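Have a look at data.cif; it's mmCIF, C-alpha atoms:
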data_input
#
loop_
_atom_site.label_atom_id
_atom_site.label_comp_id
_atom_site.auth_asym_id
_atom_site.auth_seq_id
_atom_site.Cartn_x
_atom_site.Cartn_y
_atom_site.Cartn_z
CA MET R 1 -23.36 -10.35 -24.55
CA ILE R 2 -20.77 -12.48 -22.67
CA SER R 3 -18.34 -12.50 -25.58
CA ASN R 4 -18.66 -8.70 -25.80
CA PHE R 5 -17.85 -8.52 -22.11
CA ILE R 6 -14.79 -10.73 -22.54
CA LEU R 7 -13.53 -9.20 -25.80
CA MET R 8 -14.25 -5.58 -24.72
CA ASN R 9 -14.47 -4.51 -28.38
CA GLY R 10 -10.92 -5.65 -29.10
CA TYR R 11 -9.39 -4.27 -25.90
CA GLY R 12 -10.03 -7.41 -23.81
CA PHE R 13 -6.38 -8.47 -23.62
CA PHE R 14 -5.27 -5.05 -22.31
CA VAL R 15 -8.15 -4.58 -19.86
CA TRP R 16 -8.16 -8.13 -18.45
CA SER R 17 -4.38 -8.35 -18.15
CA SER R 18 -4.32 -5.05 -16.18
CA PHE R 19 -7.03 -6.20 -13.77
CA ALA R 20 -5.61 -9.73 -13.47
CA LEU R 21 -2.12 -8.44 -12.73
CA THR R 22 -3.37 -6.02 -10.05
CA PHE R 23 -5.54 -8.74 -8.48
CA LEU R 24 -2.74 -11.32 -8.54
CA VAL R 25 -0.15 -9.00 -6.99
CA CYS R 26 -2.64 -7.94 -4.28
CA VAL R 27 -3.46 -11.56 -3.39
CA VAL R 28 0.21 -12.63 -3.28
CA VAL R 29 1.21 -9.64 -1.08
CA TYR R 30 -1.78 -10.26 1.22
CA TYR R 31 -0.86 -13.92 1.79
CA ARG R 32 2.85 -13.16 2.24
CA THR R 33 2.06 -10.44 4.80
CA LEU R 34 -0.39 -12.70 6.62
CA LYS R 35 2.14 -15.58 6.62
CA THR R 36 4.88 -13.36 8.10
CA LEU R 37 2.48 -12.05 10.77
CA LYS R 38 1.42 -15.58 11.74
CA LYS R 39 5.06 -16.71 11.84
CA TYR R 40 6.01 -13.89 14.23
CA GLU R 41 2.90 -14.50 16.38
CA LYS R 42 3.75 -18.20 16.63
CA GLU R 43 7.42 -17.60 17.48
CA PHE R 44 6.51 -14.94 20.07
CA ALA R 45 3.88 -17.19 21.71
CA LYS R 46 6.35 -20.10 21.83
CA GLU R 47 8.99 -17.90 23.47
CA ILE R 48 6.47 -16.82 26.14
CA GLU R 49 5.53 -20.47 26.77
CA GLU R 50 9.21 -21.35 27.26
CA LEU R 51 9.64 -18.76 30.07
CA SER R 52 9.62 -19.83 33.71
CA VAL R 53 6.24 -19.56 35.51
CA GLU R 54 7.31 -16.42 37.34
CA GLN R 55 8.74 -14.69 34.26
CA LYS R 56 5.67 -15.64 32.24
CA LYS R 57 3.39 -14.12 34.89
CA ILE R 58 5.36 -10.85 34.88
CA VAL R 59 5.34 -10.65 31.06
CA LEU R 60 1.61 -11.34 30.79
CA GLU R 61 0.79 -8.79 33.50
CA LYS R 62 2.99 -6.10 31.96
CA SER R 63 2.23 -6.60 28.28
CA LYS R 64 -1.25 -6.60 26.72
CA VAL R 65 0.37 -7.57 23.39
CA ALA R 66 1.93 -10.69 24.91
CA SER R 67 -1.32 -11.83 26.54
CA LYS R 68 -3.31 -11.15 23.32
CA VAL R 69 -0.84 -13.05 21.12
CA LEU R 70 -0.64 -15.95 23.55
CA SER R 71 -4.42 -16.28 23.90
CA SER R 72 -4.99 -16.21 20.13
CA TYR R 73 -2.16 -18.74 19.66
CA ASN R 74 -3.69 -21.06 22.25
CA LYS R 75 -7.04 -20.86 20.44
CA THR R 76 -5.47 -22.02 17.18
CA ILE R 77 -3.76 -25.08 18.64
CA MET X 1 -3.69 10.87 26.06
CA LEU X 2 -0.09 9.79 25.50
CA ASN X 3 -0.94 6.41 27.06
CA PHE X 4 -3.39 5.82 24.20
CA PHE X 5 -0.49 5.89 21.73
CA ASN X 6 1.52 3.15 23.41
CA ASN X 7 2.06 -0.03 21.41
CA SER X 8 -0.33 -2.13 23.53
CA ASN X 9 -3.32 0.14 22.88
CA ILE X 10 -2.38 0.53 19.23
CA PHE X 11 -2.18 -3.27 18.95
CA ILE X 12 -5.75 -3.70 20.24
CA TRP X 13 -7.06 -1.02 17.85
CA ILE X 14 -5.23 -2.67 14.95
CA GLU X 15 -7.09 -5.94 15.64
CA LYS X 16 -10.45 -4.14 15.71
CA LEU X 17 -9.68 -2.26 12.49
CA ILE X 18 -8.54 -5.42 10.67
CA ASN X 19 -11.84 -7.14 11.61
CA PHE X 20 -13.85 -4.11 10.45
CA ILE X 21 -12.08 -3.89 7.07
CA ASN X 22 -12.46 -7.65 6.53
CA SER X 23 -16.22 -7.39 7.18
CA ILE X 24 -16.87 -4.76 4.46
CA PHE X 25 -14.08 -5.41 1.96
CA PHE X 26 -15.56 -8.08 -0.31
CA ALA X 27 -18.93 -6.35 -0.74
CA LEU X 28 -17.16 -3.14 -1.74
CA LEU X 29 -14.75 -4.98 -4.06
CA LEU X 30 -17.66 -6.68 -5.85
CA ALA X 31 -19.48 -3.35 -6.29
CA ALA X 32 -16.32 -1.57 -7.51
CA LEU X 33 -15.49 -4.32 -10.04
CA SER X 34 -19.08 -4.39 -11.34
CA PHE X 35 -19.03 -0.65 -11.98
CA ALA X 36 -15.51 -0.66 -13.43
CA LEU X 37 -16.00 -3.61 -15.79
CA ILE X 38 -19.74 -3.60 -16.58
CA PHE X 39 -21.76 -0.49 -15.70
CA SER X 40 -19.33 2.33 -16.55
CA PRO X 41 -19.54 3.45 -20.20
CA PRO X 42 -16.70 3.08 -22.72
CA ASP X 43 -14.86 6.30 -23.65
CA TYR X 44 -15.86 7.97 -26.95
CA LEU X 45 -12.21 8.01 -28.07
CA GLN X 46 -10.45 5.19 -26.22
CA GLY X 47 -13.36 2.73 -26.18
CA ASP X 48 -13.23 -0.02 -23.54
CA SER X 49 -9.48 0.42 -22.98
CA VAL X 50 -10.43 3.31 -20.68
CA ARG X 51 -11.38 0.69 -18.06
CA ILE X 52 -7.65 0.24 -17.34
CA MET X 53 -7.93 3.69 -15.72
CA TYR X 54 -9.84 2.11 -12.80
CA VAL X 55 -6.73 0.25 -11.64
CA HIS X 56 -4.02 2.52 -13.10
CA VAL X 57 -5.09 5.88 -11.62
CA PRO X 58 -5.85 4.74 -8.02
CA SER X 59 -2.54 2.81 -7.99
CA ALA X 60 -0.63 5.93 -9.06
CA TRP X 61 -2.43 8.04 -6.44
CA ILE X 62 -1.58 5.52 -3.72
CA GLY X 63 2.06 5.33 -4.87
CA LEU X 64 2.41 9.11 -4.67
CA ALA X 65 0.44 9.54 -1.43
CA SER X 66 2.38 6.77 0.32
CA PHE X 67 5.74 8.30 -0.50
CA THR X 68 4.58 11.76 0.58
CA CYS X 69 3.46 10.20 3.90
CA ILE X 70 6.79 8.38 4.33
CA ALA X 71 8.78 11.54 3.58
CA LEU X 72 6.74 13.71 5.98
CA LEU X 73 6.93 11.07 8.74
CA SER X 74 10.69 10.81 8.17
CA LEU X 75 11.06 14.58 8.34
CA ILE X 76 9.11 14.80 11.62
CA ASN X 77 11.00 11.80 12.99
CA PHE X 78 14.32 13.40 12.00
CA ILE X 79 13.48 16.42 14.18
CA PHE X 80 11.44 14.97 17.06
CA LYS X 81 12.70 11.33 17.15
CA ILE X 82 9.29 9.64 17.41
CA LYS X 83 9.96 5.90 17.12
CA ASN X 84 6.42 4.98 16.05
CA PHE X 85 6.79 7.17 12.95
CA THR X 86 9.70 5.02 11.79
CA LEU X 87 7.56 1.91 12.22
CA ILE X 88 4.71 3.51 10.26
CA ALA X 89 7.01 4.66 7.43
CA LYS X 90 8.65 1.21 7.27
CA SER X 91 5.22 -0.48 7.09
CA ILE X 92 3.89 1.84 4.35
CA ALA X 93 6.92 1.54 2.03
CA PRO X 94 6.28 -1.96 0.54
CA ILE X 95 2.65 -1.04 -0.20
CA GLY X 96 3.76 2.17 -1.92
CA LEU X 97 6.36 0.32 -4.00
CA MET X 98 3.81 -2.31 -5.00
CA PHE X 99 1.24 0.25 -6.20
CA THR X 100 3.88 2.37 -7.96
CA CYS X 101 4.95 -0.75 -9.90
CA ILE X 102 1.28 -1.61 -10.66
CA ALA X 103 0.76 1.97 -11.94
CA ILE X 104 3.84 1.72 -14.18
CA VAL X 105 2.94 -1.71 -15.62
CA THR X 106 -0.80 -1.01 -16.14
CA GLY X 107 0.15 2.37 -17.63
CA SER X 108 2.45 0.56 -20.03
CA ILE X 109 -0.35 -1.88 -20.97
CA TRP X 110 -2.73 1.08 -21.50
CA GLY X 111 -0.06 2.82 -23.61
CA GLN X 112 -0.12 0.16 -26.35
CA PRO X 113 -3.75 0.66 -27.54
CA THR X 114 -3.70 4.42 -26.80
CA TRP X 115 -0.26 5.64 -27.91
CA GLY X 116 0.79 2.65 -30.03
CA THR X 117 3.73 1.79 -27.75
CA PHE X 118 4.22 -0.02 -24.44
CA TRP X 119 7.01 2.30 -23.31
CA ALA X 120 8.29 5.83 -23.85
CA TRP X 121 10.90 7.66 -21.78
CA ASP X 122 8.67 10.67 -21.28
CA ALA X 123 8.66 12.90 -18.19
CA ARG X 124 5.70 11.32 -16.32
CA ILE X 125 6.79 7.71 -16.85
CA THR X 126 10.45 8.40 -16.09
CA SER X 127 9.62 10.31 -12.89
CA MET X 128 7.39 7.40 -11.79
CA VAL X 129 10.29 4.97 -12.38
CA ILE X 130 12.49 7.27 -10.25
CA LEU X 131 9.82 7.12 -7.51
CA ALA X 132 9.92 3.30 -7.62
CA LEU X 133 13.74 3.49 -7.28
CA PHE X 134 13.44 5.75 -4.22
CA TYR X 135 11.02 3.23 -2.67
CA PHE X 136 13.43 0.40 -3.48
CA ILE X 137 16.42 2.18 -1.89
CA PHE X 138 14.31 3.09 1.18
CA ILE X 139 13.29 -0.56 1.72
CA ALA X 140 16.79 -1.86 0.92
CA SER X 141 18.35 0.48 3.51
CA HIS X 142 16.18 -1.12 6.20
CA LYS X 143 16.95 -4.65 4.99
CA LEU X 144 20.70 -4.27 4.41
CA ILE X 145 21.79 -2.06 7.34
CA SER X 146 21.80 -4.11 10.52
CA GLN X 147 22.16 -1.18 12.96
CA GLU X 148 18.58 -0.01 13.38
CA GLU X 149 19.36 3.60 14.26
CA ARG X 150 21.71 4.01 11.29
CA ALA X 151 19.16 2.38 8.96
CA ASN X 152 16.48 4.80 10.20
CA LYS X 153 18.72 7.81 9.64
CA ILE X 154 19.75 6.77 6.11
CA SER X 155 16.21 5.80 5.08
CA SER X 156 14.90 9.14 6.42
CA VAL X 157 17.42 11.06 4.29
CA ILE X 158 16.42 8.98 1.24
CA ALA X 159 12.71 9.70 1.85
CA ILE X 160 13.29 13.44 2.33
CA LEU X 161 15.39 13.58 -0.87
CA GLY X 162 12.70 11.64 -2.73
CA LEU X 163 10.10 14.22 -1.76
CA ILE X 164 11.58 16.52 -4.44
CA ASN X 165 10.37 14.02 -7.05
CA ILE X 166 6.68 14.27 -5.99
CA PRO X 167 5.92 17.74 -7.45
CA ILE X 168 8.00 16.76 -10.51
CA ILE X 169 5.65 13.78 -11.10
CA LYS X 170 2.55 15.91 -10.46
CA TYR X 171 3.52 18.75 -12.82
CA SER X 172 5.55 16.74 -15.37
CA VAL X 173 2.60 16.75 -17.79
CA GLU X 174 2.44 20.55 -17.63
CA TRP X 175 6.17 21.37 -17.55
CA TRP X 176 7.20 19.11 -20.44
CA SER X 177 5.47 17.96 -23.58
CA THR X 178 4.61 14.33 -22.82
CA LEU X 179 2.50 11.52 -24.22
CA HIS X 180 0.67 11.32 -20.89
CA GLN X 181 -2.59 13.27 -20.68
CA PRO X 182 -3.00 16.07 -18.08
CA ALA X 183 -4.97 15.40 -14.90
CA SER X 184 -8.75 15.02 -15.40
CA ILE X 185 -9.54 15.24 -11.69
CA LYS X 186 -8.70 18.45 -9.91
CA ILE X 187 -9.10 19.08 -6.18
CA THR X 188 -9.29 22.82 -6.84
CA GLY X 189 -11.19 23.58 -10.04
CA THR X 190 -13.58 21.69 -12.27
CA SER X 191 -12.83 18.06 -13.10
CA THR X 192 -13.15 17.07 -16.74
CA ILE X 193 -14.25 13.49 -16.09
CA HIS X 194 -17.92 12.49 -16.42
CA PRO X 195 -19.66 11.38 -13.15
CA SER X 196 -20.44 7.97 -14.73
CA MET X 197 -16.66 7.35 -14.82
CA LEU X 198 -15.74 9.33 -11.71
CA MET X 199 -17.96 7.23 -9.43
CA PRO X 200 -16.39 3.82 -10.33
CA LEU X 201 -12.95 5.43 -10.15
CA LEU X 202 -13.55 6.70 -6.61
CA LEU X 203 -15.09 3.36 -5.63
CA MET X 204 -12.02 1.47 -6.89
CA PHE X 205 -9.83 3.97 -5.05
CA LEU X 206 -11.75 3.31 -1.82
CA VAL X 207 -11.34 -0.47 -2.24
CA LEU X 208 -7.60 -0.18 -2.90
CA ILE X 209 -7.17 2.24 0.03
CA LEU X 210 -8.92 -0.29 2.29
CA TYR X 211 -6.62 -3.02 0.95
CA CYS X 212 -3.59 -0.79 1.70
CA ALA X 213 -4.92 -0.15 5.21
CA LEU X 214 -5.27 -3.90 5.74
CA ILE X 215 -1.71 -4.64 4.60
CA PHE X 216 -0.36 -1.67 6.55
CA LEU X 217 -2.11 -2.79 9.76
CA MET X 218 -0.82 -6.35 9.39
CA LYS X 219 2.74 -5.09 8.78
CA TYR X 220 2.50 -2.67 11.72
CA LYS X 221 1.22 -5.48 13.94
CA THR X 222 4.18 -7.63 12.83
CA GLU X 223 6.59 -4.79 13.70
CA ILE X 224 5.08 -4.41 17.20
CA ILE X 225 5.40 -8.18 17.81
CA ARG X 226 8.99 -8.08 16.51
CA ILE X 227 9.86 -5.33 19.03
CA LYS X 228 8.10 -7.11 21.89
CA LYS X 229 9.92 -10.34 20.93
CA LYS X 230 13.24 -8.51 21.08
CA ASN X 231 12.37 -7.07 24.51
CA LEU X 232 11.44 -10.55 25.74
CA LYS X 233 14.97 -11.77 24.96
CA ARG X 234 16.38 -9.04 27.21
CA LEU X 235 14.43 -10.40 30.18
#
Just dump the structure as structure tokens.
Amino acid sequence: MISNFILMNGYGFFVWSSFALTFLVCVVVYYRTLKTLKKYEKEFAKEIEELSVEQKKIVLEKSKVASKVLSSYNKTI
Amino acid sequence: MLNFFNNSNIFIWIEKLINFINSIFFALLLAALSFALIFSPPDYLQGDSVRIMYVHVPSAWIGLASFTCIALLSLINFIFKIKNFTLIAKSIAPIGLMFTCIAIVTGSIWGQPTWGTFWAWDARITSMVILALFYFIFIASHKLISQEERANKISSVIAILGLINIPIIKYSVEWWSTLHQPASIKITGTSTIHPSMLMPLLLMFLVLILYCALIFLMKYKTEIIRIKKKNLKRL
């Protein structure tokens, strides 16, 4: 039963390599995309933190994106 | 209404959508893989090698649909200059290239047991390779041209030119004599695929579409942060 599932009546190599390749590429692209996103979030949050108190207040009031990124960054550290 | 489409509101919706997709993705993936690899029957002619269809066909559909989207967005952007459309097109392109390449490689793997060869320069395969090249040039134009406006213009022209290739891919199996079989699933007309194979195919397509949406949303979110970061420097 299990060997039939693995061998796929002689087509196992072709079927499994197709699925494995698709899965592998999807996982690699997912992690690379996530890593880039996190990198940008971190850099953006750090730049906001480096602003003067007044500038920071203006940015956080004006931009929902900035306040969201900063709050999620502060949760992670 | 227009306020809804500003980057801040879009950003909040992106976060909600990412959380929603993450919550249903693995259950759907497990179901799709079970049907594709275990419950769907082998083909009477191709045997179990037909299971490659469950990754090959959805990948090809996504590759074609993504480029059509990019080209249409570029065309609208070319006329109406909507900046968000450039961001969307730029975020879709890597996903489209990835799935076009997956379709080509899995098609090549499927070709060996079915046609007796990994590769043939027939109309369908060649036009798919041309599609991958269009994707590559589109992405490269954004990476290599530093002036953003110029990069957008050039990439838009590339996408609009590449649109000509889409009907060629679709009808290549009818216009030329090729090794590739004609379409089994027709939007207008009767499909020639059995429901026991159609259901896993559509399920796999749904899973891969959700995956694409997830990657697209993460890339779009990155682009919004990149723009906001640039604006912060101008302060």
**Item:** Ground truth for the PyMOL selection byres ((chain R and resi 43) around 12), written as a PyMOL selection string
**Value:** (chain R and resi 36-42+44-50+66+69-70+73) or (chain X and resi 222+225-226+228-230+232)
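When CA of Glu223 (chain X) is paired with CA of Lys153 (chain X), their separation reads 18.0 Å.
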**Prompt:** Neighbours of Leu161 (chain X) within 10 Å (only C-alpha atoms; same-chain residues fewer than 4 positions away dropped), as an MDAnalysis selection string?
**Reply:** chainID X and resid 71 134 155:157 165
**Prompt:** Which residues come within 12 Å of region 191-206 of chain X, counting only C-alpha atoms, excluding same-chain residues fewer than 6 positions away, as a ChimeraX atom specification?
**Reply:** /R:19,22 /X:21,24-25,27-44,48,50-63,99,181-185,212-213
**Request:** Can you work out the spacing between CA of Ser49 (chain X) and CA of Phe14 (chain R) in Å, to one decimal?
**Result:** 6.9 Å
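A straight line drawn from CA of Ile164 (chain X) to CA of Ile130 (chain X) is 11.0 Å long.
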**Request:** Quick one: everything within 7 Å of Ser141 (chain X), counting all atoms listed in the file, minus sequence neighbours fewer than 2 positions away in the same chain. Send it as a count of residues only.
**Result:** 9
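Nearest residue to chain X among R:Arg32, R:Lys56, R:Lys75, R:Lys64 is R:Lys64, counting only C-alpha atoms.
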**Asked** Applied to this file, what does the PyMOL selection byres ((chain X and resi 90) around 9) return in terms of residues, put as a PyMOL selection string?
**Response** chain X and resi 70+85-89+91-94+138-139+142+219-220
**Item:** Among listed residues X:Ser127, X:Thr114, X:Thr188, X:Asn7, nearest Pro167 (chain X) (using all atoms listed in the file)
**Value:**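 Among the listed residues, X:Ser127 lies closest to Pro167 (chain X).
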**Message:** What's around Trp115 (chain X) at 9 Å? Count all atoms listed in the file, leave out sequence neighbours fewer than 4 positions away in its own chain, and write the answer as a list in words.
**Reply:**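 Selected residues are Trp110, Gly111 and Leu179 of chain X.
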Six-sided padding of 4 Å per side, axis-aligned box over region 8-17 of chain X, centre and edges in Å, one decimal, as AutoDock Vina command-line options:
--center_x -5.4 --center_y -2.7 --center_z 18.0 --size_x 18.1 --size_y 14.5 --size_z 19.0
Give me region 22-38 of chain X from this structure - N, CA and C atoms, as a PDB file, in the first residue's frame.
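Final output, saved to decode-v3.pdb:
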ATOM      1  N   ASN X  22      -3.623  33.032   6.257  1.00  0.00           N
ATOM      2  CA  ASN X  22      -2.820  32.153   7.114  1.00  0.00           C
ATOM      3  C   ASN X  22      -3.690  31.187   7.912  1.00  0.00           C
ATOM      4  N   SER X  23      -4.901  31.663   8.307  1.00  0.00           N
ATOM      5  CA  SER X  23      -5.753  30.813   9.165  1.00  0.00           C
ATOM      6  C   SER X  23      -6.387  29.644   8.396  1.00  0.00           C
ATOM      7  N   ILE X  24      -6.578  29.783   7.081  1.00  0.00           N
ATOM      8  CA  ILE X  24      -7.236  28.678   6.346  1.00  0.00           C
ATOM      9  C   ILE X  24      -6.278  27.904   5.433  1.00  0.00           C
ATOM     10  N   PHE X  25      -5.074  28.437   5.229  1.00  0.00           N
ATOM     11  CA  PHE X  25      -4.197  27.896   4.189  1.00  0.00           C
ATOM     12  C   PHE X  25      -3.805  26.427   4.403  1.00  0.00           C
ATOM     13  N   PHE X  26      -3.340  26.092   5.599  1.00  0.00           N
ATOM     14  CA  PHE X  26      -2.787  24.744   5.793  1.00  0.00           C
ATOM     15  C   PHE X  26      -3.850  23.647   5.717  1.00  0.00           C
ATOM     16  N   ALA X  27      -5.063  23.950   6.191  1.00  0.00           N
ATOM     17  CA  ALA X  27      -6.151  22.968   6.091  1.00  0.00           C
ATOM     18  C   ALA X  27      -6.473  22.715   4.617  1.00  0.00           C
ATOM     19  N   LEU X  28      -6.535  23.780   3.835  1.00  0.00           N
ATOM     20  CA  LEU X  28      -6.837  23.633   2.408  1.00  0.00           C
ATOM     21  C   LEU X  28      -5.709  22.907   1.665  1.00  0.00           C
ATOM     22  N   LEU X  29      -4.465  23.236   2.034  1.00  0.00           N
ATOM     23  CA  LEU X  29      -3.306  22.586   1.394  1.00  0.00           C
ATOM     24  C   LEU X  29      -3.328  21.075   1.641  1.00  0.00           C
ATOM     25  N   LEU X  30      -3.618  20.698   2.889  1.00  0.00           N
ATOM     26  CA  LEU X  30      -3.671  19.280   3.261  1.00  0.00           C
ATOM     27  C   LEU X  30      -4.770  18.547   2.462  1.00  0.00           C
ATOM     28  N   ALA X  31      -5.933  19.181   2.364  1.00  0.00           N
ATOM     29  CA  ALA X  31      -7.043  18.586   1.613  1.00  0.00           C
ATOM     30  C   ALA X  31      -6.673  18.456   0.130  1.00  0.00           C
ATOM     31  N   ALA X  32      -6.095  19.515  -0.439  1.00  0.00           N
ATOM     32  CA  ALA X  32      -5.744  19.505  -1.868  1.00  0.00           C
ATOM     33  C   ALA X  32      -4.702  18.429  -2.168  1.00  0.00           C
ATOM     34  N   LEU X  33      -3.678  18.312  -1.304  1.00  0.00           N
ATOM     35  CA  LEU X  33      -2.627  17.310  -1.529  1.00  0.00           C
ATOM     36  C   LEU X  33      -3.180  15.894  -1.387  1.00  0.00           C
ATOM     37  N   SER X  34      -4.101  15.688  -0.415  1.00  0.00           N
ATOM     38  CA  SER X  34      -4.693  14.361  -0.232  1.00  0.00           C
ATOM     39  C   SER X  34      -5.461  13.950  -1.481  1.00  0.00           C
ATOM     40  N   PHE X  35      -6.246  14.866  -2.028  1.00  0.00           N
ATOM     41  CA  PHE X  35      -7.004  14.540  -3.241  1.00  0.00           C
ATOM     42  C   PHE X  35      -6.079  14.320  -4.439  1.00  0.00           C
ATOM     43  N   ALA X  36      -5.072  15.196  -4.570  1.00  0.00           N
ATOM     44  CA  ALA X  36      -4.189  15.121  -5.730  1.00  0.00           C
ATOM     45  C   ALA X  36      -3.328  13.867  -5.725  1.00  0.00           C
ATOM     46  N   LEU X  37      -2.854  13.466  -4.533  1.00  0.00           N
ATOM     47  CA  LEU X  37      -1.890  12.357  -4.481  1.00  0.00           C
ATOM     48  C   LEU X  37      -2.508  11.012  -4.077  1.00  0.00           C
ATOM     49  N   ILE X  38      -3.677  11.041  -3.420  1.00  0.00           N
ATOM     50  CA  ILE X  38      -4.247   9.778  -2.932  1.00  0.00           C
ATOM     51  C   ILE X  38      -5.623   9.482  -3.541  1.00  0.00           C
TER      52      ILE X  38
END
